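What follows is target-v2.pdb (PDB, C-alpha atoms).
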```pdb
MODEL        1
ATOM      1  CA  MET A  69     -60.234 132.466 -16.778
ATOM      2  CA  ASP A  70     -58.381 131.030 -13.792
ATOM      3  CA  SER A  71     -59.520 127.514 -12.950
ATOM      4  CA  LYS A  72     -59.973 128.587  -9.346
ATOM      5  CA  TRP A  73     -62.554 131.210 -10.349
ATOM      6  CA  VAL A  74     -64.307 128.763 -12.659
ATOM      7  CA  SER A  75     -64.668 126.358  -9.758
ATOM      8  CA  LEU A  76     -66.035 129.096  -7.506
ATOM      9  CA  LEU A  77     -68.537 130.157 -10.213
ATOM     10  CA  ILE A  78     -69.819 126.596 -10.651
ATOM     11  CA  LEU A  79     -70.119 126.182  -6.890
ATOM     12  CA  ASN A  80     -72.141 129.416  -6.598
ATOM     13  CA  LEU A  81     -74.457 128.328  -9.411
ATOM     14  CA  LEU A  82     -75.043 124.981  -7.704
ATOM     15  CA  ILE A  83     -75.907 126.740  -4.465
ATOM     16  CA  ILE A  84     -78.339 129.063  -6.263
ATOM     17  CA  PHE A  85     -80.116 126.195  -8.070
ATOM     18  CA  SER A  86     -80.257 124.060  -4.944
ATOM     19  CA  SER A  87     -82.087 126.869  -3.143
ATOM     20  CA  ILE A  88     -84.894 126.915  -5.730
ATOM     21  CA  PRO A  89     -87.837 124.809  -4.460
ATOM     22  CA  PHE A  90     -88.426 121.709  -6.539
ATOM     23  CA  THR A  91     -91.999 121.477  -7.741
ATOM     24  CA  ASN A  92     -93.447 118.041  -8.282
ATOM     25  CA  SER A  93     -96.076 118.530 -10.968
ATOM     26  CA  LYS A  94     -97.786 115.277 -10.004
ATOM     27  CA  SER A  95     -98.374 116.422  -6.451
ATOM     28  CA  HIS A  96    -100.166 119.518  -7.729
ATOM     29  CA  SER A  97    -102.288 117.477 -10.132
ATOM     30  CA  LYS A  98    -103.900 115.430  -7.379
ATOM     31  CA  PRO A  99    -107.616 116.184  -7.383
ATOM     32  CA  LYS A 100    -109.121 117.622  -4.250
ATOM     33  CA  LYS A 101    -111.107 115.224  -2.071
ATOM     34  CA  CYS A 102    -113.964 116.258   0.159
ATOM     35  CA  THR A 103    -116.118 114.871   2.944
ATOM     36  CA  LYS A 104    -119.754 115.858   3.470
ATOM     37  CA  ASN A 105    -120.683 114.800   6.979
ATOM     38  CA  TRP A 106    -122.083 111.262   7.148
ATOM     39  CA  GLU A 107    -123.257 111.047   3.556
ATOM     40  CA  CYS A 108    -120.183 111.269   1.340
ATOM     41  CA  LYS A 109    -116.606 110.754   2.492
ATOM     42  CA  ASP A 110    -113.103 111.223   1.085
ATOM     43  CA  SER A 111    -113.803 111.503  -2.635
ATOM     44  CA  ILE A 112    -113.606 114.047  -5.427
ATOM     45  CA  TYR A 113    -117.312 113.415  -6.012
ATOM     46  CA  CYS A 114    -118.089 114.501  -2.461
ATOM     47  CA  CYS A 115    -117.002 118.014  -3.438
ATOM     48  CA  ASN A 116    -120.293 118.218  -5.348
ATOM     49  CA  GLN A 117    -123.636 118.419  -3.599
ATOM     50  CA  THR A 118    -124.799 115.202  -1.983
ATOM     51  CA  ILE A 119    -127.993 113.443  -2.995
ATOM     52  CA  SER A 120    -129.916 114.584   0.073
ATOM     53  CA  GLU A 121    -128.956 118.182  -0.697
ATOM     54  CA  ILE A 122    -130.523 118.136  -4.161
ATOM     55  CA  PHE A 123    -133.187 115.431  -3.833
ATOM     56  CA  GLN A 124    -135.579 116.107  -0.997
ATOM     57  CA  PRO A 125    -138.077 113.813   0.774
ATOM     58  CA  TYR A 126    -141.039 115.582  -0.829
ATOM     59  CA  GLN A 127    -139.655 114.758  -4.287
ATOM     60  CA  PHE A 128    -139.393 111.077  -3.392
ATOM     61  CA  GLU A 129    -142.992 111.243  -2.166
ATOM     62  CA  ASP A 130    -144.085 112.930  -5.398
ATOM     63  CA  LEU A 131    -142.504 110.184  -7.500
ATOM     64  CA  PHE A 132    -143.882 107.290  -5.460
ATOM     65  CA  PHE A 133    -146.946 108.781  -3.782
ATOM     66  CA  GLN A 134    -149.075 105.670  -4.360
ATOM     67  CA  ARG A 135    -146.563 103.203  -2.906
ATOM     68  CA  ASN A 136    -148.318 103.180   0.493
ATOM     69  CA  SER A 137    -151.794 102.910  -0.964
ATOM     70  CA  PRO A 138    -153.865 100.158   0.719
ATOM     71  CA  VAL A 139    -153.754  98.151  -2.516
ATOM     72  CA  ALA A 140    -149.951  98.415  -2.904
ATOM     73  CA  HIS A 141    -148.373  95.030  -2.234
ATOM     74  CA  ALA A 142    -145.321  96.506  -0.435
ATOM     75  CA  ASN A 143    -147.331  99.023   1.570
ATOM     76  CA  GLY A 144    -145.109 100.573   4.264
ATOM     77  CA  PHE A 145    -141.889  98.936   3.043
ATOM     78  CA  TRP A 146    -140.110 101.621   1.011
ATOM     79  CA  ALA A 147    -139.016 105.015   2.368
ATOM     80  CA  TYR A 148    -136.843 107.971   1.342
ATOM     81  CA  TYR A 149    -134.319 107.320   4.112
ATOM     82  CA  ASN A 150    -133.798 103.768   2.809
ATOM     83  CA  PHE A 151    -132.701 105.199  -0.542
ATOM     84  CA  ILE A 152    -130.392 107.804   1.015
ATOM     85  CA  GLU A 153    -128.866 105.292   3.429
ATOM     86  CA  ALA A 154    -128.287 102.831   0.588
ATOM     87  CA  SER A 155    -126.592 105.517  -1.517
ATOM     88  CA  ILE A 156    -123.951 106.360   1.105
ATOM     89  CA  GLN A 157    -121.428 103.750  -0.034
ATOM     90  CA  PHE A 158    -121.925 104.691  -3.696
ATOM     91  CA  GLN A 159    -121.941 108.498  -3.602
ATOM     92  CA  PRO A 160    -118.124 108.589  -3.173
ATOM     93  CA  LEU A 161    -117.965 106.509  -6.371
ATOM     94  CA  GLY A 162    -120.010 109.059  -8.310
ATOM     95  CA  PHE A 163    -123.575 107.802  -7.927
ATOM     96  CA  GLY A 164    -125.743 110.929  -7.996
ATOM     97  CA  THR A 165    -122.630 113.044  -7.428
ATOM     98  CA  THR A 166    -121.106 113.177 -10.924
ATOM     99  CA  GLY A 167    -121.150 116.416 -12.930
ATOM    100  CA  GLY A 168    -123.155 119.494 -12.048
ATOM    101  CA  GLN A 169    -126.516 119.605 -10.338
ATOM    102  CA  VAL A 170    -128.494 118.950 -13.531
ATOM    103  CA  MET A 171    -126.536 115.789 -14.353
ATOM    104  CA  GLN A 172    -126.793 114.664 -10.743
ATOM    105  CA  MET A 173    -130.566 115.097 -10.743
ATOM    106  CA  LYS A 174    -130.873 113.393 -14.110
ATOM    107  CA  GLU A 175    -128.972 110.351 -12.889
ATOM    108  CA  ILE A 176    -131.196 110.076  -9.821
ATOM    109  CA  ALA A 177    -134.247 110.326 -12.085
ATOM    110  CA  ALA A 178    -132.818 107.737 -14.484
ATOM    111  CA  PHE A 179    -131.998 105.228 -11.761
ATOM    112  CA  LEU A 180    -135.340 105.654 -10.019
ATOM    113  CA  ALA A 181    -137.145 105.384 -13.373
ATOM    114  CA  HIS A 182    -135.764 101.875 -13.736
ATOM    115  CA  VAL A 183    -136.812 101.119 -10.167
ATOM    116  CA  GLY A 184    -140.271 102.594 -10.644
ATOM    117  CA  SER A 185    -140.980 100.789 -13.896
ATOM    118  CA  LYS A 186    -139.844  97.412 -12.526
ATOM    119  CA  THR A 187    -141.827  97.644  -9.272
ATOM    120  CA  SER A 188    -144.995  99.304 -10.577
ATOM    121  CA  CYS A 189    -148.532  98.024 -10.288
ATOM    122  CA  GLY A 190    -149.926 100.967 -12.249
ATOM    123  CA  TYR A 191    -152.368 100.615 -15.116
ATOM    124  CA  SER A 192    -153.916 102.992 -17.620
ATOM    125  CA  VAL A 193    -156.774 104.280 -15.433
ATOM    126  CA  ALA A 194    -155.082 103.814 -12.035
ATOM    127  CA  PRO A 195    -155.621 106.658  -9.530
ATOM    128  CA  GLY A 196    -152.904 109.237 -10.061
ATOM    129  CA  GLY A 197    -152.012 107.760 -13.439
ATOM    130  CA  PRO A 198    -150.078 104.639 -14.469
ATOM    131  CA  LEU A 199    -146.675 106.171 -13.658
ATOM    132  CA  ALA A 200    -147.443 106.985 -10.008
ATOM    133  CA  TRP A 201    -147.315 103.404  -8.756
ATOM    134  CA  GLY A 202    -143.598 102.644  -8.562
ATOM    135  CA  LEU A 203    -142.376 100.707  -5.500
ATOM    136  CA  CYS A 204    -145.720  98.904  -5.330
ATOM    137  CA  TYR A 205    -143.865  95.577  -5.051
ATOM    138  CA  ASN A 206    -140.750  94.320  -3.301
ATOM    139  CA  HIS A 207    -140.850  90.815  -4.779
ATOM    140  CA  GLU A 208    -142.320  88.880  -7.678
ATOM    141  CA  MET A 209    -145.883  87.729  -7.115
ATOM    142  CA  SER A 210    -146.689  84.095  -7.928
ATOM    143  CA  PRO A 211    -143.312  83.162  -9.495
ATOM    144  CA  SER A 212    -143.574  80.595 -12.249
ATOM    145  CA  GLN A 213    -140.282  78.879 -11.422
ATOM    146  CA  SER A 214    -137.487  78.759  -8.832
ATOM    147  CA  TYR A 215    -134.894  80.433 -11.125
ATOM    148  CA  CYS A 216    -132.199  77.946 -10.144
ATOM    149  CA  ASP A 217    -129.466  77.294 -12.693
ATOM    150  CA  GLN A 218    -128.187  73.890 -11.600
ATOM    151  CA  TYR A 219    -125.202  74.126 -13.930
ATOM    152  CA  ASP A 220    -123.723  77.213 -12.282
ATOM    153  CA  TYR A 221    -121.005  75.763 -10.073
ATOM    154  CA  LYS A 222    -119.623  79.065  -8.810
ATOM    155  CA  TYR A 223    -122.933  80.031  -7.243
ATOM    156  CA  PRO A 224    -124.773  76.752  -6.646
ATOM    157  CA  CYS A 225    -128.383  76.903  -5.562
ATOM    158  CA  ALA A 226    -128.986  76.519  -1.843
ATOM    159  CA  PRO A 227    -131.308  73.610  -0.975
ATOM    160  CA  GLY A 228    -134.952  74.630  -1.019
ATOM    161  CA  VAL A 229    -134.194  78.251  -1.926
ATOM    162  CA  GLN A 230    -136.019  80.063  -4.721
ATOM    163  CA  TYR A 231    -134.369  82.855  -6.672
ATOM    164  CA  TYR A 232    -137.399  84.702  -8.029
ATOM    165  CA  GLY A 233    -137.386  88.473  -8.477
ATOM    166  CA  ARG A 234    -136.820  90.554  -5.360
ATOM    167  CA  GLY A 235    -135.711  94.094  -4.608
ATOM    168  CA  ALA A 236    -135.839  97.568  -6.119
ATOM    169  CA  LEU A 237    -134.367  96.343  -9.416
ATOM    170  CA  PRO A 238    -135.631  92.776  -9.131
ATOM    171  CA  VAL A 239    -132.852  90.204  -8.997
ATOM    172  CA  TYR A 240    -133.430  86.783 -10.605
ATOM    173  CA  TRP A 241    -131.366  83.575 -10.704
ATOM    174  CA  ASN A 242    -128.860  82.156  -8.251
ATOM    175  CA  TYR A 243    -125.789  83.489 -10.073
ATOM    176  CA  ASN A 244    -127.074  87.071  -9.937
ATOM    177  CA  TYR A 245    -127.816  86.792  -6.224
ATOM    178  CA  GLY A 246    -124.314  85.361  -5.790
ATOM    179  CA  VAL A 247    -122.523  88.120  -7.708
ATOM    180  CA  ILE A 248    -124.450  90.949  -6.055
ATOM    181  CA  GLY A 249    -124.057  89.335  -2.647
ATOM    182  CA  ASP A 250    -120.284  89.199  -3.160
ATOM    183  CA  GLY A 251    -120.302  92.861  -4.162
ATOM    184  CA  LEU A 252    -122.232  93.906  -1.073
ATOM    185  CA  LYS A 253    -120.583  91.345   1.238
ATOM    186  CA  VAL A 254    -123.981  89.907   2.123
ATOM    187  CA  ASP A 255    -124.907  86.214   1.770
ATOM    188  CA  LEU A 256    -127.707  86.660  -0.748
ATOM    189  CA  LEU A 257    -127.057  83.268  -2.325
ATOM    190  CA  ASN A 258    -128.276  81.474   0.785
ATOM    191  CA  HIS A 259    -130.612  84.252   1.878
ATOM    192  CA  PRO A 260    -132.201  85.933  -1.158
ATOM    193  CA  GLU A 261    -135.182  86.788   1.057
ATOM    194  CA  TYR A 262    -133.108  89.599   2.577
ATOM    195  CA  LEU A 263    -134.015  91.734  -0.448
ATOM    196  CA  GLU A 264    -137.712  91.611   0.414
ATOM    197  CA  GLN A 265    -137.118  92.084   4.141
ATOM    198  CA  ASN A 266    -134.740  95.059   4.171
ATOM    199  CA  ALA A 267    -135.547  98.071   1.990
ATOM    200  CA  THR A 268    -132.108  99.661   2.425
ATOM    201  CA  LEU A 269    -130.393  96.466   1.285
ATOM    202  CA  ALA A 270    -132.833  96.224  -1.629
ATOM    203  CA  PHE A 271    -131.812  99.713  -2.767
ATOM    204  CA  GLU A 272    -128.123  98.865  -2.220
ATOM    205  CA  ALA A 273    -128.447  95.845  -4.506
ATOM    206  CA  ALA A 274    -130.115  97.997  -7.154
ATOM    207  CA  ILE A 275    -127.467 100.732  -6.963
ATOM    208  CA  TRP A 276    -124.725  98.102  -7.076
ATOM    209  CA  ARG A 277    -126.203  96.828 -10.333
ATOM    210  CA  TRP A 278    -126.372 100.387 -11.671
ATOM    211  CA  MET A 279    -122.718 101.063 -10.807
ATOM    212  CA  ASN A 280    -121.188  97.790 -12.019
ATOM    213  CA  PRO A 281    -120.909  96.312 -15.526
ATOM    214  CA  ILE A 282    -122.290  92.907 -16.405
ATOM    215  CA  LYS A 283    -118.887  91.883 -17.754
ATOM    216  CA  LYS A 284    -115.358  93.230 -17.565
ATOM    217  CA  LYS A 285    -114.393  95.747 -20.248
ATOM    218  CA  GLN A 286    -118.026  96.718 -20.622
ATOM    219  CA  PRO A 287    -119.560  99.909 -19.201
ATOM    220  CA  SER A 288    -121.903 100.174 -16.257
ATOM    221  CA  ALA A 289    -125.269 101.885 -16.519
ATOM    222  CA  HIS A 290    -123.782 104.740 -14.477
ATOM    223  CA  GLU A 291    -120.896 105.173 -16.924
ATOM    224  CA  VAL A 292    -123.070 105.235 -20.033
ATOM    225  CA  PHE A 293    -125.516 107.671 -18.447
ATOM    226  CA  VAL A 294    -123.046 110.271 -17.129
ATOM    227  CA  GLU A 295    -121.053 109.933 -20.375
ATOM    228  CA  MET A 296    -117.865 108.600 -18.797
ATOM    229  CA  TRP A 297    -117.973 105.781 -21.345
ATOM    230  CA  LYS A 298    -116.495 106.293 -24.820
ATOM    231  CA  PRO A 299    -118.099 103.934 -27.352
ATOM    232  CA  SER A 300    -115.863 101.964 -29.669
ATOM    233  CA  LYS A 301    -116.356 101.738 -33.414
ATOM    234  CA  ASN A 302    -118.252  98.492 -32.884
ATOM    235  CA  ASP A 303    -120.484 100.167 -30.288
ATOM    236  CA  THR A 304    -121.277 102.966 -32.705
ATOM    237  CA  LEU A 305    -122.094 100.497 -35.474
ATOM    238  CA  SER A 306    -124.341  98.697 -32.965
ATOM    239  CA  LYS A 307    -126.042 102.057 -32.224
ATOM    240  CA  ARG A 308    -124.868 101.998 -28.618
ATOM    241  CA  VAL A 309    -124.126 105.554 -27.545
ATOM    242  CA  PRO A 310    -124.047 107.315 -24.150
ATOM    243  CA  GLY A 311    -127.422 108.180 -22.650
ATOM    244  CA  PHE A 312    -130.488 106.744 -20.976
ATOM    245  CA  GLY A 313    -131.281 104.323 -23.798
ATOM    246  CA  THR A 314    -128.061 102.418 -23.310
ATOM    247  CA  THR A 315    -128.691 102.001 -19.569
ATOM    248  CA  MET A 316    -131.492  99.642 -20.578
ATOM    249  CA  ASN A 317    -129.070  97.744 -22.782
ATOM    250  CA  VAL A 318    -126.627  97.341 -19.888
ATOM    251  CA  LEU A 319    -129.288  96.210 -17.422
ATOM    252  CA  TYR A 320    -131.629  94.140 -19.609
ATOM    253  CA  GLY A 321    -129.918  93.499 -22.936
ATOM    254  CA  ASP A 322    -132.103  92.094 -25.688
ATOM    255  CA  LEU A 323    -134.952  91.426 -23.295
ATOM    256  CA  VAL A 324    -136.020  94.987 -24.127
ATOM    257  CA  CYS A 325    -133.463  96.350 -26.626
ATOM    258  CA  GLY A 326    -133.184  95.803 -30.363
ATOM    259  CA  GLN A 327    -136.834  94.819 -30.673
ATOM    260  CA  GLY A 328    -138.410  98.086 -31.692
ATOM    261  CA  ASP A 329    -140.788 100.026 -29.475
ATOM    262  CA  ILE A 330    -141.919  97.184 -27.246
ATOM    263  CA  GLU A 331    -143.801  97.890 -24.021
ATOM    264  CA  GLY A 332    -140.975  96.782 -21.719
ATOM    265  CA  MET A 333    -138.768  99.512 -23.158
ATOM    266  CA  THR A 334    -141.299 102.297 -23.679
ATOM    267  CA  ASN A 335    -142.633 101.911 -20.138
ATOM    268  CA  THR A 336    -139.177 102.546 -18.684
ATOM    269  CA  ILE A 337    -138.712 105.577 -20.941
ATOM    270  CA  SER A 338    -142.113 106.932 -19.901
ATOM    271  CA  HIS A 339    -141.111 106.681 -16.241
ATOM    272  CA  TYR A 340    -137.852 108.514 -16.940
ATOM    273  CA  LEU A 341    -139.524 111.411 -18.746
ATOM    274  CA  TYR A 342    -142.256 111.617 -16.107
ATOM    275  CA  TYR A 343    -139.726 111.623 -13.263
ATOM    276  CA  LEU A 344    -137.734 114.405 -14.938
ATOM    277  CA  ASP A 345    -140.892 116.505 -15.032
ATOM    278  CA  VAL A 346    -141.919 115.731 -11.448
ATOM    279  CA  MET A 347    -138.424 116.510 -10.133
ATOM    280  CA  GLY A 348    -138.467 119.904 -11.851
ATOM    281  CA  ILE A 349    -135.789 119.154 -14.441
ATOM    282  CA  GLY A 350    -138.100 118.751 -17.405
ATOM    283  CA  ARG A 351    -138.121 116.145 -20.136
ATOM    284  CA  LYS A 352    -136.571 118.620 -22.555
ATOM    285  CA  LEU A 353    -133.261 117.856 -20.845
ATOM    286  CA  ALA A 354    -133.657 114.093 -21.258
ATOM    287  CA  GLY A 355    -131.093 114.025 -24.072
ATOM    288  CA  THR A 356    -131.288 112.546 -27.546
ATOM    289  CA  ASN A 357    -130.532 108.915 -26.713
ATOM    290  CA  VAL A 358    -133.482 107.730 -24.637
ATOM    291  CA  THR A 359    -134.334 104.573 -26.578
ATOM    292  CA  CYS A 360    -132.573 101.278 -27.288
ATOM    293  CA  ALA A 361    -135.114 100.099 -29.875
ATOM    294  CA  ASP A 362    -132.458  99.648 -32.561
ATOM    295  CA  GLN A 363    -129.446  98.817 -30.403
ATOM    296  CA  VAL A 364    -127.595  95.525 -30.562
ATOM    297  CA  ALA A 365    -127.317  94.031 -27.083
ATOM    298  CA  PHE A 366    -123.951  94.089 -25.329
ATOM    299  CA  ASN A 367    -124.590  90.500 -24.241
ATOM    300  CA  PRO A 368    -127.064  88.695 -26.510
ATOM    301  CA  THR A 369    -129.249  86.297 -24.552
ATOM    302  CA  PRO A 370    -128.908  82.687 -25.735
ATOM    303  CA  SER A 371    -132.136  81.700 -24.005
ATOM    304  CA  SER A 372    -134.719  83.070 -21.628
ATOM    305  CA  SER A 373    -132.965  81.368 -18.723
ATOM    306  CA  SER A 374    -130.227  84.019 -18.687
ATOM    307  CA  SER A 375    -132.531  86.915 -17.848
ATOM    308  CA  SER A 376    -131.483  89.069 -14.923
TER     309      SER A 376
ENDMDL
END
```
Would you put the structure from the file into C-alpha cells?
Amino acid sequence: MDSKWVSLLILNLLIIFSSIPFTNSKSHSKPKKCTKNWECKDSIYCCNQTISEIFQPYQFEDLFFQRNSPVAHANGFWAYYNFIEASIQFQPLGFGTTGGQVMQMKEIAAFLAHVGSKTSCGYSVAPGGPLAWGLCYNHEMSPSQSYCDQYDYKYPCAPGVQYYGRGALPVYWNYNYGVIGDGLKVDLLNHPEYLEQNATLAFEAAIWRWMNPIKKKQPSAHEVFVEMWKPSKNDTLSKRVPGFGTTMNVLYGDLVCGQGDIEGMTNTISHYLYYLDVMGIGRKLAGTNVTCADQVAFNPTPSSSSSS
C-alpha cells in the first residue's frame, strides 16, 4: 500500500478514536452524597433516613418515661430534642444512619441502652419496672474521689476541679474529659460541669465516645455494632466479634467484660433488649452476640484508676 494512503488511514483512525468520549471509571465510582435539611448534610449516610424520621418523640418518651418523675434526680433536664440536636454532627458520619432502617433503629436502641443503664435509678419494684428509669441522673451522686490523675501531663487537672461522672455516658477522670473536650472543641478539662448543665452537650459527649475508638487501630462501638469492623485472628481467639456485646468491651473493657454474667453487663443487655421491644423492633433481632461475658478486653485495666 502507498505510504501516503497508510498515513491517511492512521490519521483517520486517530480522529475517530479522539472523538470517542473518555470515561473515567473513578469519577463514576464516587458515591452519591445527600443533604436532609438541617439534620444531615453532604454525606452518603444522609441518603438514608435521618434519626428524626425513624425515631419519634413518643418513642423517646416510652423509653425514658420516668425521667421526669418527681423522684428523678435530673428531673426536667433531658429531652428528645437534646438527643436529636446532639446527633446532627454525627449523622453524616453514620451514627443512626448506617444500613437500612432496621440497622439504624438497632443502633439507636443500642446507644440509648448504654445511656439508660448508666443513668438509671430503677430498682426491682420501681414503678414502671426497673428498666424505665434511664436518664434519672446527669451526674454522679456523692462521688468518693475527685478522679484526678496527677501523673497525666497532657491533660493536667485544673485547680479545685473534680472529674467525677457526668453526662449521658458518664465521663470520669481528667484525661477522658480532656480527650472528649478536644474532640468536641469544648474546654471540658477546665469546665467538666458543662456536662451536667447542658443536656445537648452531654449527649454529644456520649455520641462522640460511641463513634471514636479508645486507641488507634482499634474499633469504635459504632463500628463493631454496625459490622464495619472485621475482627483479626487475635480478636476471634479473644471472642471479640461484631455485635452489641463488643460495644461493652469498647466502652468499659474488663470493668464488665470477661467476668461472666456480672450485673454491670447483664443490666446493659437487659436495657438493650427492652429498648428493642419498646421501639417496635423486637428482641428477636438483637443478634447472636449480645454478651461480652467471655471476651478478653481490648485494653486490660491495670488498676481501678483507669476506669472511664
Can you spell out as a PyMOL selection string the set of residues that the PyMOL selection byres ((chain A and resi 222-224) around 12) selects in the structure I just provided? chain A and resi 215-221+225-231+241-250+255-258
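By only C-alpha atoms, and with residues fewer than 5 positions from Gln124 in chain A along its chain excluded, the set lying at most 9 Å from it is Ile119, Glu129 and Tyr148 of chain A.
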Taking the file above as input, evaluate the PyMOL selection byres ((chain A and resi 133-140) around 8) and report the hits as an mmCIF file with C-alpha atoms, keeping the file's coordinate frame.
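out01.cif, freshly written:
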```
data_model
loop_
_atom_site.group_PDB
_atom_site.id
_atom_site.type_symbol
_atom_site.label_atom_id
_atom_site.label_comp_id
_atom_site.auth_asym_id
_atom_site.auth_seq_id
_atom_site.Cartn_x
_atom_site.Cartn_y
_atom_site.Cartn_z
ATOM 1 C CA PHE A 128 -139.393 111.077 -3.392
ATOM 2 C CA GLU A 129 -142.992 111.243 -2.166
ATOM 3 C CA ASP A 130 -144.085 112.930 -5.398
ATOM 4 C CA LEU A 131 -142.504 110.184 -7.500
ATOM 5 C CA PHE A 132 -143.882 107.290 -5.460
ATOM 6 C CA HIS A 141 -148.373 95.030 -2.234
ATOM 7 C CA ALA A 142 -145.321 96.506 -0.435
ATOM 8 C CA ASN A 143 -147.331 99.023 1.570
ATOM 9 C CA GLY A 144 -145.109 100.573 4.264
ATOM 10 C CA TRP A 146 -140.110 101.621 1.011
ATOM 11 C CA CYS A 189 -148.532 98.024 -10.288
ATOM 12 C CA GLY A 196 -152.904 109.237 -10.061
ATOM 13 C CA ALA A 200 -147.443 106.985 -10.008
ATOM 14 C CA TRP A 201 -147.315 103.404 -8.756
ATOM 15 C CA GLY A 202 -143.598 102.644 -8.562
ATOM 16 C CA LEU A 203 -142.376 100.707 -5.500
ATOM 17 C CA CYS A 204 -145.720 98.904 -5.330
ATOM 18 C CA TYR A 205 -143.865 95.577 -5.051
#
```
Nearby residues (all atoms listed in the file) at most 10 Å from His182 in chain A, same-chain spacing under 2 positions excluded, as a tab-separated table (two decimals) with C-alpha atoms, keeping the file's coordinate frame:
```
chain	number	residue	atom	x	y	z
A	177	ALA	CA	-134.25	110.33	-12.08
A	178	ALA	CA	-132.82	107.74	-14.48
A	179	PHE	CA	-132.00	105.23	-11.76
A	180	LEU	CA	-135.34	105.65	-10.02
A	184	GLY	CA	-140.27	102.59	-10.64
A	185	SER	CA	-140.98	100.79	-13.90
A	186	LYS	CA	-139.84	97.41	-12.53
A	187	THR	CA	-141.83	97.64	-9.27
A	202	GLY	CA	-143.60	102.64	-8.56
A	236	ALA	CA	-135.84	97.57	-6.12
A	237	LEU	CA	-134.37	96.34	-9.42
A	274	ALA	CA	-130.12	98.00	-7.15
A	278	TRP	CA	-126.37	100.39	-11.67
A	315	THR	CA	-128.69	102.00	-19.57
A	316	MET	CA	-131.49	99.64	-20.58
A	319	LEU	CA	-129.29	96.21	-17.42
A	335	ASN	CA	-142.63	101.91	-20.14
A	336	THR	CA	-139.18	102.55	-18.68
A	337	ILE	CA	-138.71	105.58	-20.94
A	339	HIS	CA	-141.11	106.68	-16.24
A	340	TYR	CA	-137.85	108.51	-16.94
```
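For the pair CA of Ser192 in chain A and CA of Ser212 in chain A, the interatomic distance is 25.2 Å.
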Residues within 12 Å of range 165-175 of chain A, all atoms listed in the file, excluding chain neighbours under 5 positions, as a PyMOL selection string: chain A and resi 102+104+107-109+111-124+127+155-160+180-182+275+278-279+289-296+311-312+315+340-355
Give me, as a PDB file with C-alpha atoms, in the frame of the given file, all polymer residues having an atom no more than 10 Å from Gln363 in chain A, counting all atoms listed in the file and skipping those fewer than 5 positions away in the same chain.
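Final output, out28.pdb:
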```
ATOM      1  CA  ASP A 303    -120.484 100.167 -30.288  1.00  0.00           C
ATOM      2  CA  THR A 304    -121.277 102.966 -32.705  1.00  0.00           C
ATOM      3  CA  LEU A 305    -122.094 100.497 -35.474  1.00  0.00           C
ATOM      4  CA  SER A 306    -124.341  98.697 -32.965  1.00  0.00           C
ATOM      5  CA  LYS A 307    -126.042 102.057 -32.224  1.00  0.00           C
ATOM      6  CA  ARG A 308    -124.868 101.998 -28.618  1.00  0.00           C
ATOM      7  CA  VAL A 309    -124.126 105.554 -27.545  1.00  0.00           C
ATOM      8  CA  GLY A 313    -131.281 104.323 -23.798  1.00  0.00           C
ATOM      9  CA  THR A 314    -128.061 102.418 -23.310  1.00  0.00           C
ATOM     10  CA  ASN A 317    -129.070  97.744 -22.782  1.00  0.00           C
ATOM     11  CA  GLY A 321    -129.918  93.499 -22.936  1.00  0.00           C
ATOM     12  CA  ASP A 322    -132.103  92.094 -25.688  1.00  0.00           C
ATOM     13  CA  VAL A 324    -136.020  94.987 -24.127  1.00  0.00           C
ATOM     14  CA  CYS A 325    -133.463  96.350 -26.626  1.00  0.00           C
ATOM     15  CA  GLY A 326    -133.184  95.803 -30.363  1.00  0.00           C
ATOM     16  CA  GLN A 327    -136.834  94.819 -30.673  1.00  0.00           C
ATOM     17  CA  GLY A 328    -138.410  98.086 -31.692  1.00  0.00           C
TER      18      GLY A 328
END
```
Could you tell me how far CA of Trp297 in chain A sits from CA of Thr359 in chain A, in Å to one decimal place? 17.2 Å
Of A:Ala194, A:Ile282, A:Phe151, A:Pro310, the one nearest to Asn357 in chain A when counting all atoms listed in the file is A:Pro310
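Closest approach to Asn266 in chain A from the set A:Gly235, A:Trp106, A:Leu161, A:Val183 is made by A:Gly235, with distances taken over all atoms listed in the file.
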Could N, CA and C atoms be built for range 329-338 of chain A and written out as an mmCIF file, in the frame of the given file?
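Result saved to part22.cif:
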```cif
data_model
loop_
_atom_site.group_PDB
_atom_site.id
_atom_site.type_symbol
_atom_site.label_atom_id
_atom_site.label_comp_id
_atom_site.auth_asym_id
_atom_site.auth_seq_id
_atom_site.Cartn_x
_atom_site.Cartn_y
_atom_site.Cartn_z
ATOM 1 N N ASP A 329 -140.151 99.323 -30.593
ATOM 2 C CA ASP A 329 -140.788 100.026 -29.475
ATOM 3 C C ASP A 329 -141.708 99.095 -28.678
ATOM 4 N N ILE A 330 -141.113 98.100 -28.042
ATOM 5 C CA ILE A 330 -141.919 97.184 -27.246
ATOM 6 C C ILE A 330 -142.251 97.808 -25.894
ATOM 7 N N GLU A 331 -143.284 97.281 -25.248
ATOM 8 C CA GLU A 331 -143.801 97.890 -24.021
ATOM 9 C C GLU A 331 -142.771 97.897 -22.888
ATOM 10 N N GLY A 332 -141.967 96.837 -22.779
ATOM 11 C CA GLY A 332 -140.975 96.782 -21.719
ATOM 12 C C GLY A 332 -139.977 97.911 -21.786
ATOM 13 N N MET A 333 -139.689 98.389 -22.984
ATOM 14 C CA MET A 333 -138.768 99.512 -23.158
ATOM 15 C C MET A 333 -139.489 100.853 -23.018
ATOM 16 N N THR A 334 -140.613 101.003 -23.691
ATOM 17 C CA THR A 334 -141.299 102.297 -23.679
ATOM 18 C C THR A 334 -141.825 102.655 -22.293
ATOM 19 N N ASN A 335 -142.166 101.646 -21.492
ATOM 20 C CA ASN A 335 -142.633 101.911 -20.138
ATOM 21 C C ASN A 335 -141.524 102.512 -19.284
ATOM 22 N N THR A 336 -140.313 102.010 -19.433
ATOM 23 C CA THR A 336 -139.177 102.546 -18.684
ATOM 24 C C THR A 336 -138.877 103.971 -19.126
ATOM 25 N N ILE A 337 -138.934 104.221 -20.429
ATOM 26 C CA ILE A 337 -138.712 105.577 -20.941
ATOM 27 C C ILE A 337 -139.777 106.526 -20.411
ATOM 28 N N SER A 338 -141.022 106.087 -20.397
ATOM 29 C CA SER A 338 -142.113 106.932 -19.901
ATOM 30 C C SER A 338 -141.893 107.317 -18.444
#
```
